[in-house]
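**Student:** Handing you this structure, nothing more for now.
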Amino acid sequence: MRAWLWLLATLVPLASCGNRSGEVRGRVLDLNGSPLADVQIRHGSEMIRSDATGSFLVRDLPAPDWIELRHTGFLPALRPVEPNRSIVVRLSPDDGQTIVLRAVGDVMAGRRFFTGHTDTDQPPQLLPGDGVAPHQRLLAAMQPILEQADITVVNLESPLLSDPVAERTGFRKPGFHASKEYVFASSSSLAAALARVGVDVVGLANNHIYDALDHGLASTVQSLDLAGLMRGAGVFGAGVTPEQAWQPARQSLRGTVVTLLGCTTIHGAQHNISYVASRPQRKGGAALCESSRLRTAISSAGQSGPVVAMIHGGNEYQSEPTPSMQLMTDAALQAGARLVLNHHPHVLGGLRWTGQSLVANSLGNALFDQTLWPTFPSMVLEVQLRRNAVRRVIVYPLLLHRYRPHPAVGPLAEWILRGIASKSDAPWVIESGVMEVDVADHAQRTRRWWPLQSASDASSRLWRLQASVQRCGWNGLRALEHGQSLLGTGSFEPLLVGVDGGRGVLWSSPHRDQQLSRQAAYRGSWGVRLKRAGYNRQAVLLRPLHRIPVQPGQRLTLLGWVRGSSGARGRVQVSWYQARRGASVARFSHPIALTRAQGWQPLRVDLTVPDHVNALAPAIALDPPTIGWQQLDVDELDLVAWHSAPAVSAQPADWLRSRGGGEICLEEPLWPGASATPAPLAAWP
């Protein structure tokens, strides 16, 4: 009921803003591919039903938004949709015993949420003293997917305090951990906000829950308790003693008891005050991961029903699990955990399917103020449990914009999902903006060979993969390389739920001489128009808000489409950095030769990352003319990292590159009733 009320109260005003345009055509099927008639599809105040073929049409969709689907005998479903893009939704049967659990990554609403980020013109998202409603708005875009689940679980990555500002004028306040490099704190109001958006269980087993020491842990538990999230049912993972920290949370639903417990491998022993609960130190904190204790806790809890283990550890910004994390994950699986959720790296990891249990190597950030590009893609992981078995796994892609999570649609969603699939050891299928793990071996696989023509000159040829395909063979005279897109948002299209079109998500803020414009679109609805007058002294720059991690020696290609007025002096500018913070150590500049006055032309610049460089910031610059003014339109930007590609690979790629022609075999996993993509790759330009 609360999901319906929220949709009526919140999505109706959003849907009514601006010009009403756009529509979504779709089909509703069961898991066998058979059409479902008379399904209720709700968007805002509009309610329609699918016809005998399962088809439906949602009108008046001016921007990406949620639709909800309900049908007797099936579990309700939600999907983010994009205007003028078709969708297929497959409903799960409701046998009265299936539990829908949804999990997201790290949650923290302090630090830059209050101060903003002057380097990137990110404004503050909260004001001192803000209550529950402003905190709830931080999660409003994904509230429907959180509150519709039977169980929603998050990792709370900070203590909750009445005064959440840990540092003022460069000095750390008393009462916080004195020797840690970074400490976090969020407002006590975040607890009630989490409960209002549908969070049922909060995990505290991490290396930041003790940042405000014992009084911060007590304040956190009290705030959660007042919000209805109580220890033993809605809270686990930390306490004043190790025994209390290991106390699990239990949720009883539909005749099944689901147990959630967690621990962290990051103990903080290098400090005088650790992060974990300790009897020798007579202090509270998080539960410390020990493989024997983890096995015992899971084995004991597993006698009552399925167990979800949340393990916090690994290396920050590294998607692959470390040996210690792999050890703990394997221990949890051997003890019988059906779901293992790992946190801490702040970037997305892959999924692993054992045939019985699912591992999420890292769920990334759900609400966080970090400023490194790979920390922005995220996900909602849905696992459908029937008694002690995993029945279905669905991944919904998110992107953090201004530190807030927003469901992604269209090409942006597919980019996020391909990134997860590329790191996964699990059979996956991407369809209509979500990714599923084929836990029942239900997907069919279509293989086809496609010709790739060589370039007319000595340069390499590029192809963009248009569907979620895997490589099953390559016959060519030259080696084949696969490319990973590092940008994801270079189309400038409105592809996030809850973000107005024309905002330029994760790009430098629009201003008088840099504007998102429909007239500047190469294709789609939006592009960027740069303008510069002769009286200006400096170039106008279009650049991502944050630098992008790279590796020394890595081969990159910057791609895009440009057009400009006669005489426009455009160039590609790349700033190289040795670290995630600090000034650039070198700069690369490449002129854009406009050979087609007022006409679109492809832009391609091949780069090699210099030694000792670990991050870059690409930009498109327009230098001022001698007199008058000039303009440059830019669209479809991408930055591709290249890797040697084996002839056969289950991992998806965004791009292909070869200096010679040949034939490539592409395999596409398809659910029953789905059609193969007519053209899964296209030559560029």
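Labels for the structure tokens follow display order: chains A, B, ..., residues from 1 in each chain, ligands from 1.
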List the neighbours of stretch 458-466 of chain A out to 6 Å using only C-alpha atoms; skip same-chain residues closer than 4 positions along the sequence, and give me the result as an NGL selection string.
**Tutor:** :A and (654-659 or 680-684)
**Student:** For A:Gln651, work out the shell of residues within 12 Å, counting only C-alpha atoms and skipping chain neighbours fewer than 3 positions away, then give it as an mmCIF file with N, CA, C and O atoms, in the first residue's frame.
**Tutor:**
data_model
loop_
_atom_site.group_PDB
_atom_site.id
_atom_site.type_symbol
_atom_site.label_atom_id
_atom_site.label_comp_id
_atom_site.auth_asym_id
_atom_site.auth_seq_id
_atom_site.Cartn_x
_atom_site.Cartn_y
_atom_site.Cartn_z
ATOM 1 N N GLY A 350 31.643 -7.485 -9.486
ATOM 2 C CA GLY A 350 30.808 -8.407 -10.232
ATOM 3 C C GLY A 350 30.001 -9.318 -9.320
ATOM 4 O O GLY A 350 30.106 -9.274 -8.092
ATOM 5 N N LEU A 417 25.387 -1.761 -16.586
ATOM 6 C CA LEU A 417 25.166 -3.198 -16.482
ATOM 7 C C LEU A 417 26.266 -3.995 -17.162
ATOM 8 O O LEU A 417 26.693 -5.046 -16.659
ATOM 9 N N ARG A 418 26.746 -3.523 -18.309
ATOM 10 C CA ARG A 418 27.855 -4.223 -18.963
ATOM 11 C C ARG A 418 29.104 -4.197 -18.086
ATOM 12 O O ARG A 418 29.884 -5.147 -18.067
ATOM 13 N N GLY A 419 29.299 -3.083 -17.360
ATOM 14 C CA GLY A 419 30.425 -3.022 -16.453
ATOM 15 C C GLY A 419 30.332 -4.060 -15.357
ATOM 16 O O GLY A 419 31.333 -4.680 -14.983
ATOM 17 N N ILE A 420 29.129 -4.267 -14.813
ATOM 18 C CA ILE A 420 28.943 -5.310 -13.793
ATOM 19 C C ILE A 420 29.148 -6.688 -14.408
ATOM 20 O O ILE A 420 29.833 -7.548 -13.843
ATOM 21 N N ALA A 421 28.563 -6.908 -15.589
ATOM 22 C CA ALA A 421 28.678 -8.213 -16.249
ATOM 23 C C ALA A 421 30.123 -8.553 -16.574
ATOM 24 O O ALA A 421 30.532 -9.716 -16.491
ATOM 25 N N SER A 422 30.921 -7.538 -16.935
ATOM 26 C CA SER A 422 32.312 -7.788 -17.314
ATOM 27 C C SER A 422 33.153 -8.290 -16.141
ATOM 28 O O SER A 422 34.210 -8.879 -16.348
ATOM 29 N N LYS A 423 32.675 -8.068 -14.919
ATOM 30 C CA LYS A 423 33.402 -8.502 -13.720
ATOM 31 C C LYS A 423 32.764 -9.731 -13.080
ATOM 32 O O LYS A 423 33.225 -10.170 -12.016
ATOM 33 N N SER A 424 31.734 -10.278 -13.699
ATOM 34 C CA SER A 424 30.930 -11.313 -13.050
ATOM 35 C C SER A 424 31.331 -12.711 -13.489
ATOM 36 O O SER A 424 31.686 -12.950 -14.648
ATOM 37 N N ASP A 425 31.254 -13.621 -12.536
ATOM 38 C CA ASP A 425 31.403 -15.041 -12.798
ATOM 39 C C ASP A 425 30.031 -15.675 -12.612
ATOM 40 O O ASP A 425 29.773 -16.405 -11.658
ATOM 41 N N ALA A 426 29.146 -15.328 -13.529
ATOM 42 C CA ALA A 426 27.762 -15.776 -13.441
ATOM 43 C C ALA A 426 27.137 -15.657 -14.820
ATOM 44 O O ALA A 426 27.459 -14.734 -15.573
ATOM 45 N N PRO A 427 26.245 -16.562 -15.181
ATOM 46 C CA PRO A 427 25.530 -16.423 -16.464
ATOM 47 C C PRO A 427 24.547 -15.270 -16.381
ATOM 48 O O PRO A 427 23.691 -15.248 -15.497
ATOM 49 N N TRP A 428 24.665 -14.306 -17.273
ATOM 50 C CA TRP A 428 23.863 -13.098 -17.174
ATOM 51 C C TRP A 428 23.109 -12.842 -18.472
ATOM 52 O O TRP A 428 23.519 -13.273 -19.553
ATOM 53 N N VAL A 429 22.021 -12.099 -18.337
ATOM 54 C CA VAL A 429 21.228 -11.638 -19.477
ATOM 55 C C VAL A 429 20.844 -10.194 -19.205
ATOM 56 O O VAL A 429 20.333 -9.881 -18.126
ATOM 57 N N SER A 468 23.926 -6.639 -25.748
ATOM 58 C CA SER A 468 24.633 -7.340 -24.673
ATOM 59 C C SER A 468 25.099 -8.693 -25.197
ATOM 60 O O SER A 468 24.455 -9.717 -25.000
ATOM 61 N N VAL A 469 26.232 -8.669 -25.898
ATOM 62 C CA VAL A 469 26.727 -9.867 -26.564
ATOM 63 C C VAL A 469 28.075 -10.268 -25.993
ATOM 64 O O VAL A 469 28.779 -9.470 -25.368
ATOM 65 N N GLN A 470 28.421 -11.520 -26.226
ATOM 66 C CA GLN A 470 29.709 -12.069 -25.837
ATOM 67 C C GLN A 470 30.423 -12.564 -27.099
ATOM 68 O O GLN A 470 29.785 -12.950 -28.072
ATOM 69 N N ARG A 471 31.750 -12.560 -27.061
ATOM 70 C CA ARG A 471 32.518 -13.000 -28.224
ATOM 71 C C ARG A 471 32.681 -14.514 -28.188
ATOM 72 O O ARG A 471 33.105 -15.079 -27.183
ATOM 73 N N CYS A 472 32.348 -15.163 -29.308
ATOM 74 C CA CYS A 472 32.470 -16.619 -29.394
ATOM 75 C C CYS A 472 33.447 -17.050 -30.484
ATOM 76 O O CYS A 472 33.539 -18.236 -30.807
ATOM 77 N N HIS A 482 39.378 -5.329 -27.421
ATOM 78 C CA HIS A 482 38.079 -4.877 -26.941
ATOM 79 C C HIS A 482 38.269 -3.633 -26.093
ATOM 80 O O HIS A 482 39.304 -3.447 -25.457
ATOM 81 N N GLY A 483 37.274 -2.766 -26.116
ATOM 82 C CA GLY A 483 37.360 -1.489 -25.430
ATOM 83 C C GLY A 483 36.271 -1.323 -24.391
ATOM 84 O O GLY A 483 35.124 -1.724 -24.595
ATOM 85 N N GLN A 484 36.660 -0.711 -23.287
ATOM 86 C CA GLN A 484 35.720 -0.399 -22.211
ATOM 87 C C GLN A 484 35.507 1.105 -22.168
ATOM 88 O O GLN A 484 36.460 1.870 -22.083
ATOM 89 N N ALA A 645 42.061 -8.776 -26.700
ATOM 90 C CA ALA A 645 40.824 -9.538 -26.575
ATOM 91 C C ALA A 645 41.043 -10.975 -27.026
ATOM 92 O O ALA A 645 41.484 -11.213 -28.154
ATOM 93 N N PRO A 646 40.747 -11.955 -26.171
ATOM 94 C CA PRO A 646 40.766 -13.341 -26.642
ATOM 95 C C PRO A 646 39.652 -13.576 -27.645
ATOM 96 O O PRO A 646 38.650 -12.865 -27.665
ATOM 97 N N ALA A 647 39.845 -14.572 -28.490
ATOM 98 C CA ALA A 647 38.840 -14.851 -29.522
ATOM 99 C C ALA A 647 37.501 -15.215 -28.909
ATOM 100 O O ALA A 647 36.441 -14.884 -29.442
ATOM 101 N N VAL A 648 37.538 -15.906 -27.762
ATOM 102 C CA VAL A 648 36.310 -16.299 -27.079
ATOM 103 C C VAL A 648 36.324 -15.690 -25.689
ATOM 104 O O VAL A 648 37.298 -15.834 -24.947
ATOM 105 N N ASP A 654 32.322 -2.754 -24.789
ATOM 106 C CA ASP A 654 31.599 -1.629 -25.386
ATOM 107 C C ASP A 654 32.046 -1.371 -26.824
ATOM 108 O O ASP A 654 31.268 -0.911 -27.647
ATOM 109 N N LEU A 666 29.484 -13.517 -32.489
ATOM 110 C CA LEU A 666 28.873 -12.887 -31.329
ATOM 111 C C LEU A 666 27.734 -13.760 -30.825
ATOM 112 O O LEU A 666 26.884 -14.203 -31.603
ATOM 113 N N GLU A 667 27.740 -13.988 -29.518
ATOM 114 C CA GLU A 667 26.700 -14.790 -28.882
ATOM 115 C C GLU A 667 25.851 -13.898 -28.005
ATOM 116 O O GLU A 667 26.380 -13.134 -27.189
ATOM 117 N N GLU A 668 24.548 -14.001 -28.173
ATOM 118 C CA GLU A 668 23.618 -13.170 -27.414
ATOM 119 C C GLU A 668 22.711 -14.045 -26.562
ATOM 120 O O GLU A 668 21.958 -14.868 -27.095
#
**Student:** One decimal, in Å: what's the spacing between atom CA of A:His43 and atom CA of A:Arg392?
**Tutor:**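 Pair atom CA of A:His43 / atom CA of A:Arg392 returns 24.9 Å.
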**Student:** Could you please write out, as a PyMOL selection string, every residue of stretch 528-642 of chain A that DSSP assigns to strand (DSSP E or B)?
**Tutor:** chain A and resi 528-533+540-542+544+548-549+555-564+569-577+586-592+601-608+615-623+629-642
**Student:** A:Met142, A:Val383, A:Ile151, A:Leu559: which is nearest A:Pro80, counting only C-alpha atoms?
**Tutor:** A:Met142
**Student:** Between A:Val104, A:Val347, A:Arg404, A:Ala440, which residue has the minimum interatomic distance to A:Gly314, considering only C-alpha atoms?
**Tutor:**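 Comparing A:Val104, A:Val347, A:Arg404, A:Ala440 against A:Gly314, the winner is A:Val347.
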